[in-house]
>>> print(open('input_1.cif').read())   # mmCIF, N, CA and C atoms
data_model
loop_
_atom_site.label_atom_id
_atom_site.label_comp_id
_atom_site.auth_asym_id
_atom_site.auth_seq_id
_atom_site.Cartn_x
_atom_site.Cartn_y
_atom_site.Cartn_z
N MET A 337 -47.27 -81.58 61.33
CA MET A 337 -48.60 -81.55 61.90
C MET A 337 -48.59 -82.31 63.22
N THR A 338 -49.22 -81.71 64.21
CA THR A 338 -49.29 -82.34 65.53
C THR A 338 -50.22 -83.53 65.49
N GLN A 339 -49.80 -84.60 66.16
CA GLN A 339 -50.64 -85.78 66.28
C GLN A 339 -50.81 -86.12 67.75
N TYR A 340 -51.86 -86.88 68.04
CA TYR A 340 -52.18 -87.26 69.40
C TYR A 340 -52.47 -88.76 69.44
N SER A 341 -52.23 -89.38 70.59
CA SER A 341 -52.54 -90.81 70.73
C SER A 341 -53.30 -91.04 72.04
N MET A 342 -54.04 -92.14 72.07
CA MET A 342 -54.78 -92.55 73.27
C MET A 342 -55.15 -94.02 73.12
N THR A 343 -55.61 -94.62 74.20
CA THR A 343 -56.04 -96.02 74.16
C THR A 343 -57.42 -96.14 74.82
N PRO A 344 -58.34 -96.88 74.20
CA PRO A 344 -59.66 -97.09 74.82
C PRO A 344 -59.54 -97.83 76.15
N ILE A 345 -60.42 -97.50 77.09
CA ILE A 345 -60.44 -98.16 78.39
C ILE A 345 -61.19 -99.48 78.32
N ASN A 346 -62.24 -99.54 77.49
CA ASN A 346 -63.08 -100.74 77.39
C ASN A 346 -63.17 -101.24 75.95
N ASN A 347 -63.54 -102.50 75.79
CA ASN A 347 -63.80 -103.06 74.46
C ASN A 347 -65.05 -102.42 73.87
N GLY A 348 -65.09 -102.32 72.55
CA GLY A 348 -66.27 -101.79 71.86
C GLY A 348 -66.36 -100.27 71.85
N THR A 349 -65.23 -99.59 72.06
CA THR A 349 -65.25 -98.13 72.02
C THR A 349 -65.48 -97.68 70.58
N ARG A 350 -66.47 -96.83 70.38
CA ARG A 350 -66.94 -96.50 69.03
C ARG A 350 -66.23 -95.29 68.42
N MET A 351 -65.97 -95.41 67.12
CA MET A 351 -65.51 -94.29 66.33
C MET A 351 -66.70 -93.86 65.48
N ARG A 352 -66.98 -92.56 65.49
CA ARG A 352 -68.18 -92.04 64.83
C ARG A 352 -67.84 -91.07 63.71
N ALA A 353 -68.83 -90.79 62.88
CA ALA A 353 -68.65 -89.89 61.73
C ALA A 353 -68.47 -88.43 62.15
N ASP A 354 -68.90 -88.07 63.37
CA ASP A 354 -68.75 -86.71 63.87
C ASP A 354 -68.48 -86.79 65.37
N HIS A 355 -68.13 -85.67 65.97
CA HIS A 355 -67.79 -85.67 67.39
C HIS A 355 -69.03 -85.51 68.28
N ASN A 356 -69.98 -86.44 68.11
CA ASN A 356 -71.14 -86.51 69.00
C ASN A 356 -71.74 -87.91 68.92
N THR A 357 -72.53 -88.27 69.93
CA THR A 357 -73.08 -89.63 69.98
C THR A 357 -74.28 -89.83 69.07
N PHE A 358 -74.75 -88.78 68.40
CA PHE A 358 -75.84 -88.91 67.43
C PHE A 358 -75.31 -89.30 66.05
N ALA A 359 -74.01 -89.17 65.84
CA ALA A 359 -73.40 -89.48 64.54
C ALA A 359 -73.32 -91.00 64.35
N ALA A 360 -73.29 -91.41 63.09
CA ALA A 360 -73.22 -92.83 62.75
C ALA A 360 -71.92 -93.46 63.25
N VAL A 361 -72.02 -94.71 63.67
CA VAL A 361 -70.84 -95.46 64.10
C VAL A 361 -70.13 -95.99 62.86
N ILE A 362 -68.83 -95.73 62.78
CA ILE A 362 -68.02 -96.21 61.66
C ILE A 362 -67.38 -97.55 62.01
N ALA A 363 -66.86 -97.64 63.23
CA ALA A 363 -66.17 -98.87 63.68
C ALA A 363 -66.09 -98.86 65.20
N SER A 364 -65.76 -99.99 65.77
CA SER A 364 -65.54 -100.11 67.21
C SER A 364 -64.15 -100.69 67.44
N TYR A 365 -63.51 -100.24 68.51
CA TYR A 365 -62.15 -100.70 68.82
C TYR A 365 -62.08 -101.18 70.26
N ASN A 366 -61.08 -101.98 70.53
CA ASN A 366 -60.98 -102.63 71.84
C ASN A 366 -59.97 -101.98 72.74
N ARG A 367 -60.06 -102.40 73.98
CA ARG A 367 -59.19 -101.92 75.05
C ARG A 367 -57.72 -102.04 74.63
N SER A 368 -56.98 -101.02 74.93
CA SER A 368 -55.52 -100.96 74.74
C SER A 368 -55.06 -100.84 73.30
N GLN A 369 -55.97 -100.72 72.32
CA GLN A 369 -55.51 -100.47 70.96
C GLN A 369 -54.98 -99.04 70.90
N LEU A 370 -53.95 -98.82 70.08
CA LEU A 370 -53.36 -97.49 69.96
C LEU A 370 -54.11 -96.69 68.91
N ILE A 371 -54.77 -95.64 69.36
CA ILE A 371 -55.56 -94.76 68.51
C ILE A 371 -54.75 -93.48 68.29
N VAL A 372 -54.56 -93.10 67.03
CA VAL A 372 -53.80 -91.88 66.71
C VAL A 372 -54.67 -90.97 65.86
N GLY A 373 -54.61 -89.68 66.15
CA GLY A 373 -55.39 -88.71 65.41
C GLY A 373 -54.65 -87.40 65.24
N ASP A 374 -55.29 -86.50 64.47
CA ASP A 374 -54.62 -85.26 64.11
C ASP A 374 -55.34 -83.99 64.58
N GLU A 375 -56.47 -84.14 65.25
CA GLU A 375 -57.22 -82.96 65.70
C GLU A 375 -58.00 -83.31 66.95
N VAL A 376 -58.04 -82.37 67.90
CA VAL A 376 -58.82 -82.55 69.12
C VAL A 376 -59.95 -81.52 69.12
N TRP A 377 -61.18 -81.99 69.36
CA TRP A 377 -62.33 -81.10 69.49
C TRP A 377 -62.72 -81.08 70.96
N GLU A 378 -63.00 -79.88 71.49
CA GLU A 378 -63.41 -79.75 72.88
C GLU A 378 -64.72 -78.98 72.96
N ALA A 379 -65.67 -79.52 73.73
CA ALA A 379 -66.97 -78.87 73.90
C ALA A 379 -66.80 -77.61 74.74
N THR A 380 -67.38 -76.52 74.26
CA THR A 380 -67.25 -75.24 74.97
C THR A 380 -68.42 -74.96 75.90
N ALA A 381 -69.49 -75.78 75.81
CA ALA A 381 -70.66 -75.59 76.67
C ALA A 381 -71.41 -76.91 76.84
N ASP A 382 -72.20 -77.00 77.90
CA ASP A 382 -73.06 -78.17 78.09
C ASP A 382 -74.15 -78.17 77.02
N GLY A 383 -74.60 -79.37 76.65
CA GLY A 383 -75.67 -79.51 75.68
C GLY A 383 -76.27 -80.89 75.78
N ASN A 384 -77.07 -81.24 74.78
CA ASN A 384 -77.70 -82.56 74.74
C ASN A 384 -76.62 -83.61 74.49
N GLU A 385 -76.41 -84.52 75.41
CA GLU A 385 -75.40 -85.58 75.32
C GLU A 385 -73.97 -85.06 75.26
N VAL A 386 -73.71 -83.88 75.80
CA VAL A 386 -72.36 -83.32 75.83
C VAL A 386 -72.20 -82.44 77.06
N LYS A 387 -71.02 -82.47 77.62
CA LYS A 387 -70.71 -81.66 78.78
C LYS A 387 -69.51 -80.78 78.45
N LYS A 388 -69.54 -79.54 78.93
CA LYS A 388 -68.43 -78.63 78.69
C LYS A 388 -67.12 -79.31 79.10
N GLY A 389 -66.13 -79.26 78.22
CA GLY A 389 -64.84 -79.89 78.50
C GLY A 389 -64.68 -81.28 77.91
N ASP A 390 -65.77 -81.85 77.36
CA ASP A 390 -65.64 -83.14 76.67
C ASP A 390 -64.66 -82.99 75.52
N LYS A 391 -63.89 -84.05 75.25
CA LYS A 391 -62.90 -84.00 74.18
C LYS A 391 -63.04 -85.21 73.27
N TRP A 392 -62.92 -84.97 71.99
CA TRP A 392 -62.97 -86.02 70.97
C TRP A 392 -61.74 -85.89 70.09
N LEU A 393 -61.21 -87.02 69.65
CA LEU A 393 -60.03 -87.05 68.78
C LEU A 393 -60.45 -87.48 67.38
N HIS A 394 -59.99 -86.75 66.37
CA HIS A 394 -60.21 -87.13 64.97
C HIS A 394 -59.21 -88.24 64.65
N VAL A 395 -59.67 -89.47 64.49
CA VAL A 395 -58.83 -90.65 64.37
C VAL A 395 -58.38 -90.86 62.92
N THR A 396 -57.07 -91.06 62.75
CA THR A 396 -56.51 -91.29 61.42
C THR A 396 -55.84 -92.66 61.29
N SER A 397 -55.44 -93.26 62.42
CA SER A 397 -54.84 -94.60 62.36
C SER A 397 -55.09 -95.35 63.66
N VAL A 398 -55.09 -96.69 63.54
CA VAL A 398 -55.28 -97.57 64.70
C VAL A 398 -54.21 -98.65 64.64
N ASP A 399 -53.48 -98.79 65.74
CA ASP A 399 -52.39 -99.78 65.83
C ASP A 399 -51.40 -99.64 64.67
N GLY A 400 -51.13 -98.40 64.25
CA GLY A 400 -50.14 -98.14 63.21
C GLY A 400 -50.66 -98.30 61.79
N VAL A 401 -51.94 -98.62 61.61
CA VAL A 401 -52.51 -98.80 60.27
C VAL A 401 -53.39 -97.58 59.96
N ASN A 402 -53.06 -96.87 58.86
CA ASN A 402 -53.86 -95.72 58.46
C ASN A 402 -55.27 -96.17 58.07
N LEU A 403 -56.26 -95.37 58.46
CA LEU A 403 -57.65 -95.70 58.17
C LEU A 403 -58.09 -95.12 56.83
N THR A 404 -58.88 -95.87 56.09
CA THR A 404 -59.44 -95.34 54.84
C THR A 404 -60.62 -94.42 55.16
N ASP A 405 -61.36 -94.71 56.23
CA ASP A 405 -62.46 -93.86 56.69
C ASP A 405 -62.13 -93.36 58.08
N SER A 406 -61.67 -92.10 58.16
CA SER A 406 -61.36 -91.55 59.48
C SER A 406 -62.65 -91.19 60.19
N GLY A 407 -62.56 -90.95 61.48
CA GLY A 407 -63.74 -90.61 62.26
C GLY A 407 -63.33 -90.00 63.58
N TRP A 408 -64.29 -89.88 64.49
CA TRP A 408 -64.08 -89.26 65.79
C TRP A 408 -64.32 -90.26 66.91
N MET A 409 -63.45 -90.22 67.92
CA MET A 409 -63.62 -91.07 69.10
C MET A 409 -63.51 -90.19 70.34
N ALA A 410 -64.41 -90.44 71.28
CA ALA A 410 -64.40 -89.65 72.52
C ALA A 410 -63.19 -90.01 73.37
N TYR A 411 -62.56 -88.98 73.89
CA TYR A 411 -61.54 -89.14 74.93
C TYR A 411 -62.24 -88.96 76.27
N ILE A 412 -63.04 -87.91 76.37
CA ILE A 412 -63.89 -87.66 77.54
C ILE A 412 -65.29 -87.39 77.02
N HIS A 413 -66.27 -88.13 77.53
CA HIS A 413 -67.67 -87.94 77.12
C HIS A 413 -68.55 -87.78 78.35
N LYS A 414 -69.31 -86.69 78.40
CA LYS A 414 -70.18 -86.36 79.54
C LYS A 414 -69.37 -86.36 80.83
N GLY A 415 -68.13 -85.87 80.74
CA GLY A 415 -67.27 -85.74 81.90
C GLY A 415 -66.58 -87.02 82.34
N VAL A 416 -66.77 -88.11 81.62
CA VAL A 416 -66.19 -89.40 82.00
C VAL A 416 -65.16 -89.84 80.94
N ALA A 417 -64.01 -90.29 81.39
CA ALA A 417 -62.96 -90.75 80.47
C ALA A 417 -63.41 -92.02 79.75
N VAL A 418 -63.31 -92.01 78.43
CA VAL A 418 -63.61 -93.17 77.60
C VAL A 418 -62.29 -93.83 77.19
N CYS A 419 -61.25 -93.01 77.07
CA CYS A 419 -59.90 -93.48 76.73
C CYS A 419 -58.92 -92.92 77.75
N ASN A 420 -57.73 -93.49 77.77
CA ASN A 420 -56.68 -92.97 78.65
C ASN A 420 -55.36 -92.90 77.89
N ASN A 421 -54.30 -92.61 78.59
CA ASN A 421 -52.95 -92.50 78.01
C ASN A 421 -52.91 -91.47 76.88
N PHE A 422 -53.68 -90.38 77.02
CA PHE A 422 -53.70 -89.35 75.98
C PHE A 422 -52.35 -88.63 75.96
N LYS A 423 -51.76 -88.55 74.77
CA LYS A 423 -50.44 -87.90 74.62
C LYS A 423 -50.40 -87.11 73.34
N GLU A 424 -49.63 -86.03 73.38
CA GLU A 424 -49.29 -85.32 72.15
C GLU A 424 -48.02 -85.97 71.63
N ILE A 425 -48.05 -86.37 70.37
CA ILE A 425 -46.88 -87.02 69.77
C ILE A 425 -45.99 -85.92 69.24
N ALA A 426 -44.76 -85.91 69.71
CA ALA A 426 -43.81 -84.88 69.28
C ALA A 426 -43.51 -85.03 67.80
N SER A 427 -43.51 -83.91 67.10
CA SER A 427 -43.15 -83.92 65.68
C SER A 427 -41.65 -84.13 65.56
N PRO A 428 -41.23 -84.97 64.64
CA PRO A 428 -39.79 -85.17 64.48
C PRO A 428 -39.13 -83.90 63.97
N PRO A 429 -37.90 -83.65 64.38
CA PRO A 429 -37.21 -82.45 63.90
C PRO A 429 -37.00 -82.54 62.39
N PRO A 430 -36.90 -81.39 61.73
CA PRO A 430 -36.68 -81.44 60.28
C PRO A 430 -35.33 -82.10 59.99
N PRO A 431 -35.23 -82.78 58.87
CA PRO A 431 -33.97 -83.47 58.57
C PRO A 431 -32.82 -82.49 58.40
N THR A 432 -31.66 -82.92 58.84
CA THR A 432 -30.46 -82.10 58.70
C THR A 432 -30.00 -82.16 57.26
N PRO A 433 -29.72 -80.98 56.66
CA PRO A 433 -29.26 -81.02 55.27
C PRO A 433 -27.93 -81.76 55.15
N ILE A 434 -27.79 -82.49 54.08
CA ILE A 434 -26.56 -83.24 53.83
C ILE A 434 -25.67 -82.40 52.92
N PHE A 435 -24.46 -82.22 53.36
CA PHE A 435 -23.51 -81.43 52.58
C PHE A 435 -22.99 -82.28 51.44
N PRO A 436 -22.99 -81.79 50.21
CA PRO A 436 -22.57 -82.62 49.07
C PRO A 436 -21.06 -82.85 49.05
N ASP A 437 -20.65 -83.97 48.46
CA ASP A 437 -19.22 -84.24 48.29
C ASP A 437 -18.64 -83.37 47.17
N THR A 438 -19.46 -83.12 46.16
CA THR A 438 -19.03 -82.30 45.02
C THR A 438 -20.18 -81.43 44.56
N PHE A 439 -19.84 -80.43 43.78
CA PHE A 439 -20.88 -79.65 43.11
C PHE A 439 -20.30 -79.10 41.80
N THR A 440 -21.18 -78.82 40.87
CA THR A 440 -20.76 -78.34 39.55
C THR A 440 -21.29 -76.94 39.32
N LEU A 441 -20.41 -76.05 38.85
CA LEU A 441 -20.81 -74.70 38.49
C LEU A 441 -20.73 -74.55 36.98
N THR A 442 -21.67 -73.82 36.42
CA THR A 442 -21.67 -73.54 34.98
C THR A 442 -21.66 -72.03 34.80
N ASP A 443 -20.64 -71.52 34.07
CA ASP A 443 -20.60 -70.07 33.85
C ASP A 443 -21.46 -69.71 32.65
N PRO A 444 -21.71 -68.41 32.41
CA PRO A 444 -22.60 -67.99 31.34
C PRO A 444 -22.21 -68.50 29.95
N SER A 445 -20.92 -68.81 29.72
CA SER A 445 -20.51 -69.30 28.40
C SER A 445 -20.80 -70.78 28.23
N GLY A 446 -21.22 -71.45 29.32
CA GLY A 446 -21.51 -72.87 29.25
C GLY A 446 -20.38 -73.75 29.78
N ALA A 447 -19.23 -73.16 30.11
CA ALA A 447 -18.12 -73.93 30.67
C ALA A 447 -18.50 -74.42 32.07
N LYS A 448 -18.16 -75.68 32.34
CA LYS A 448 -18.49 -76.29 33.62
C LYS A 448 -17.22 -76.57 34.41
N ALA A 449 -17.33 -76.44 35.73
CA ALA A 449 -16.24 -76.78 36.62
C ALA A 449 -16.81 -77.58 37.78
N GLU A 450 -16.17 -78.70 38.09
CA GLU A 450 -16.62 -79.52 39.21
C GLU A 450 -15.69 -79.28 40.38
N TYR A 451 -16.28 -79.06 41.55
CA TYR A 451 -15.51 -78.84 42.77
C TYR A 451 -15.77 -80.00 43.71
N LYS A 452 -14.67 -80.52 44.27
CA LYS A 452 -14.77 -81.64 45.22
C LYS A 452 -14.26 -81.13 46.57
N PHE A 453 -15.07 -81.39 47.61
CA PHE A 453 -14.68 -80.97 48.95
C PHE A 453 -13.73 -81.98 49.57
N VAL A 454 -12.65 -81.46 50.13
CA VAL A 454 -11.67 -82.31 50.79
C VAL A 454 -11.98 -82.37 52.28
N ARG A 455 -12.33 -81.25 52.85
CA ARG A 455 -12.70 -81.20 54.27
C ARG A 455 -13.61 -80.02 54.50
N ILE A 456 -14.39 -80.09 55.55
CA ILE A 456 -15.30 -79.02 55.90
C ILE A 456 -14.71 -78.28 57.10
N ILE A 457 -14.59 -76.98 56.97
CA ILE A 457 -14.08 -76.15 58.06
C ILE A 457 -15.28 -75.51 58.73
N GLU A 458 -15.48 -75.86 59.93
CA GLU A 458 -16.60 -75.39 60.74
C GLU A 458 -17.51 -74.55 59.94
#
>>> encode(input="input_1.cif", output="structure tokens")
Amino acid sequence: MTQYSMTPINNGTRMRADHNTFAAVIASYNRSQLIVGDEVWEATADGNEVKKGDKWLHVTSVDGVNLTDSGWMAYIHKGVAVCNNFKEIASPPPPTPIFPDTFTLTDPSGAKAEYKFVRIIE
């Protein structure tokens, strides 16, 4: 899953229950704290307390600590940056499968044979 990070520009930056300023405030965070989230919402049109192109991040952790109550924090509100250093966090590559040292085969009669690898040929 893609994640995103950003840092508030000022102290007291609010995280809200929804991606608008009418929603209840859940918590406030300070300048330079690392905010991480999993979804970006972008306004598609101007409206009451919103401007087309405003962006909000669904926050899931702050300074590396997962939140019990996630919420939304503005990245851009009414055309003005509330946070900076917005980045998409690259997903780690899937783990490389580990080749086993041995494996056991069982034939239909129940006889088992263990095979041990001496070397791997390309």
>>> atom_distance(input="input_1.cif", atom1="atom CA of A:Val395", atom2="atom CA of A:Pro428")
19.8 Å
>>> closest_residue(input="input_1.cif", among="A:Tyr340, A:Phe422, A:Trp392, A:Phe453", to="A:Ala410", atoms="only N, CA and C atoms")
A:Trp392
>>> resolve_selection(input="input_1.cif", expression="the PyMOL selection byres ((chain A and resi 393) around 8)", output="JSON, numbers by chain")
{"A": [340, 355, 372, 373, 374, 375, 376, 377, 378, 390, 391, 392, 394, 395, 396, 407, 408, 409, 410, 411, 412]}
>>> resolve_selection(input="input_1.cif", expression="the PyMOL selection byres (((chain A and resi 371 and name CA) around 7) and name CA)", output="ChimeraX atom specification")
/A:341-343,369-370,372-373,395,397-399
>>> closest_residue(input="input_1.cif", among="A:Ala379, A:Gln339, A:Thr349, A:Asp437", to="A:Tyr365", atoms="only C-alpha atoms")
A:Thr349
>>> atom_distance(input="input_1.cif", atom1="atom N of A:Thr404", atom2="atom N of A:Pro429")
25.7 Å
>>> atom_distance(input="input_1.cif", atom1="atom N of A:Ile425", atom2="atom N of A:Asn347")
23.0 Å
>>> resolve_selection(input="input_1.cif", expression="the PyMOL selection byres ((chain A and resi 385) around 7)", output="list of chain:residue names")
A:Thr357, A:Asp382, A:Gly383, A:Asn384, A:Val386, A:Lys387, A:His413, A:Lys414
>>> select_by_dssp(input="input_1.cif", residues="stretch 385-457 of chain A", states="strand (DSSP E or B)", output="JSON, numbers by chain")
{"A": [386, 391, 392, 393, 394, 395, 396, 397, 398, 401, 402, 403, 404, 405, 406, 407, 408, 409, 410, 411, 412, 413, 416, 417, 419, 420, 421, 422, 423, 424, 425, 438, 439, 440, 441, 442, 448, 449, 450, 451, 452]}
>>> residues_around(input="input_1.cif", residues="A:Asn346", least_positions_apart="3", cutoff="8 Å", atoms="all atoms listed in the file", output="PyMOL selection string")
chain A and resi 343+349-350+365-368+417-420
>>> decode(input="input_1.cif", residues="stretch 354-390 of chain A", atoms="N, CA and C atoms", output="short mmCIF file (atom, residue, chain, number, x, y, z; two decimals), in the first residue's frame")
data_model
loop_
_atom_site.label_atom_id
_atom_site.label_comp_id
_atom_site.auth_asym_id
_atom_site.auth_seq_id
_atom_site.Cartn_x
_atom_site.Cartn_y
_atom_site.Cartn_z
N ASP A 354 -12.62 14.45 9.41
CA ASP A 354 -12.90 14.36 7.98
C ASP A 354 -12.04 15.40 7.27
N HIS A 355 -12.01 15.34 5.95
CA HIS A 355 -11.16 16.25 5.19
C HIS A 355 -11.85 17.58 4.90
N ASN A 356 -12.27 18.26 5.98
CA ASN A 356 -12.80 19.62 5.88
C ASN A 356 -12.67 20.30 7.24
N THR A 357 -12.73 21.63 7.23
CA THR A 357 -12.54 22.38 8.49
C THR A 357 -13.78 22.41 9.37
N PHE A 358 -14.89 21.84 8.91
CA PHE A 358 -16.09 21.75 9.73
C PHE A 358 -16.07 20.49 10.61
N ALA A 359 -15.18 19.56 10.30
CA ALA A 359 -15.09 18.30 11.06
C ALA A 359 -14.42 18.54 12.42
N ALA A 360 -14.74 17.68 13.36
CA ALA A 360 -14.18 17.79 14.72
C ALA A 360 -12.66 17.62 14.71
N VAL A 361 -12.01 18.37 15.59
CA VAL A 361 -10.56 18.26 15.75
C VAL A 361 -10.27 17.05 16.63
N ILE A 362 -9.38 16.19 16.15
CA ILE A 362 -8.98 15.00 16.92
C ILE A 362 -7.73 15.30 17.73
N ALA A 363 -6.77 15.98 17.11
CA ALA A 363 -5.50 16.30 17.78
C ALA A 363 -4.81 17.43 17.01
N SER A 364 -3.81 18.02 17.63
CA SER A 364 -2.99 19.04 16.98
C SER A 364 -1.53 18.60 17.04
N TYR A 365 -0.79 18.94 16.00
CA TYR A 365 0.62 18.55 15.93
C TYR A 365 1.48 19.76 15.63
N ASN A 366 2.76 19.65 15.95
CA ASN A 366 3.65 20.79 15.85
C ASN A 366 4.54 20.73 14.63
N ARG A 367 5.17 21.86 14.40
CA ARG A 367 6.08 22.06 13.29
C ARG A 367 7.13 20.95 13.26
N SER A 368 7.38 20.46 12.08
CA SER A 368 8.44 19.48 11.79
C SER A 368 8.16 18.07 12.28
N GLN A 369 6.98 17.79 12.86
CA GLN A 369 6.68 16.41 13.20
C GLN A 369 6.44 15.64 11.90
N LEU A 370 6.82 14.37 11.88
CA LEU A 370 6.65 13.55 10.68
C LEU A 370 5.26 12.93 10.67
N ILE A 371 4.46 13.35 9.71
CA ILE A 371 3.09 12.88 9.56
C ILE A 371 3.07 11.88 8.41
N VAL A 372 2.53 10.68 8.64
CA VAL A 372 2.46 9.65 7.60
C VAL A 372 1.01 9.22 7.43
N GLY A 373 0.61 9.04 6.19
CA GLY A 373 -0.75 8.62 5.90
C GLY A 373 -0.82 7.69 4.71
N ASP A 374 -2.05 7.20 4.46
CA ASP A 374 -2.22 6.18 3.43
C ASP A 374 -3.16 6.57 2.30
N GLU A 375 -3.72 7.77 2.36
CA GLU A 375 -4.66 8.20 1.32
C GLU A 375 -4.62 9.71 1.18
N VAL A 376 -4.68 10.19 -0.06
CA VAL A 376 -4.71 11.63 -0.32
C VAL A 376 -6.07 11.96 -0.94
N TRP A 377 -6.75 12.98 -0.38
CA TRP A 377 -8.00 13.47 -0.93
C TRP A 377 -7.72 14.81 -1.57
N GLU A 378 -8.26 15.04 -2.78
CA GLU A 378 -8.08 16.31 -3.47
C GLU A 378 -9.43 16.88 -3.85
N ALA A 379 -9.63 18.16 -3.56
CA ALA A 379 -10.88 18.85 -3.89
C ALA A 379 -10.97 19.04 -5.40
N THR A 380 -12.11 18.67 -5.96
CA THR A 380 -12.29 18.77 -7.41
C THR A 380 -12.96 20.07 -7.84
N ALA A 381 -13.48 20.84 -6.86
CA ALA A 381 -14.15 22.11 -7.17
C ALA A 381 -14.08 23.04 -5.97
N ASP A 382 -14.25 24.33 -6.22
CA ASP A 382 -14.33 25.31 -5.13
C ASP A 382 -15.63 25.10 -4.36
N GLY A 383 -15.60 25.41 -3.07
CA GLY A 383 -16.78 25.30 -2.24
C GLY A 383 -16.61 26.11 -0.98
N ASN A 384 -17.49 25.90 -0.02
CA ASN A 384 -17.42 26.60 1.25
C ASN A 384 -16.19 26.10 2.02
N GLU A 385 -15.25 26.97 2.29
CA GLU A 385 -14.00 26.64 3.01
C GLU A 385 -13.13 25.63 2.27
N VAL A 386 -13.23 25.56 0.95
CA VAL A 386 -12.39 24.66 0.16
C VAL A 386 -12.15 25.27 -1.21
N LYS A 387 -10.97 25.04 -1.73
CA LYS A 387 -10.61 25.54 -3.04
C LYS A 387 -10.19 24.35 -3.90
N LYS A 388 -10.56 24.37 -5.17
CA LYS A 388 -10.19 23.30 -6.08
C LYS A 388 -8.67 23.08 -6.00
N GLY A 389 -8.27 21.82 -5.84
CA GLY A 389 -6.85 21.50 -5.74
C GLY A 389 -6.35 21.36 -4.31
N ASP A 390 -7.18 21.71 -3.32
CA ASP A 390 -6.78 21.48 -1.92
C ASP A 390 -6.54 19.99 -1.72
#
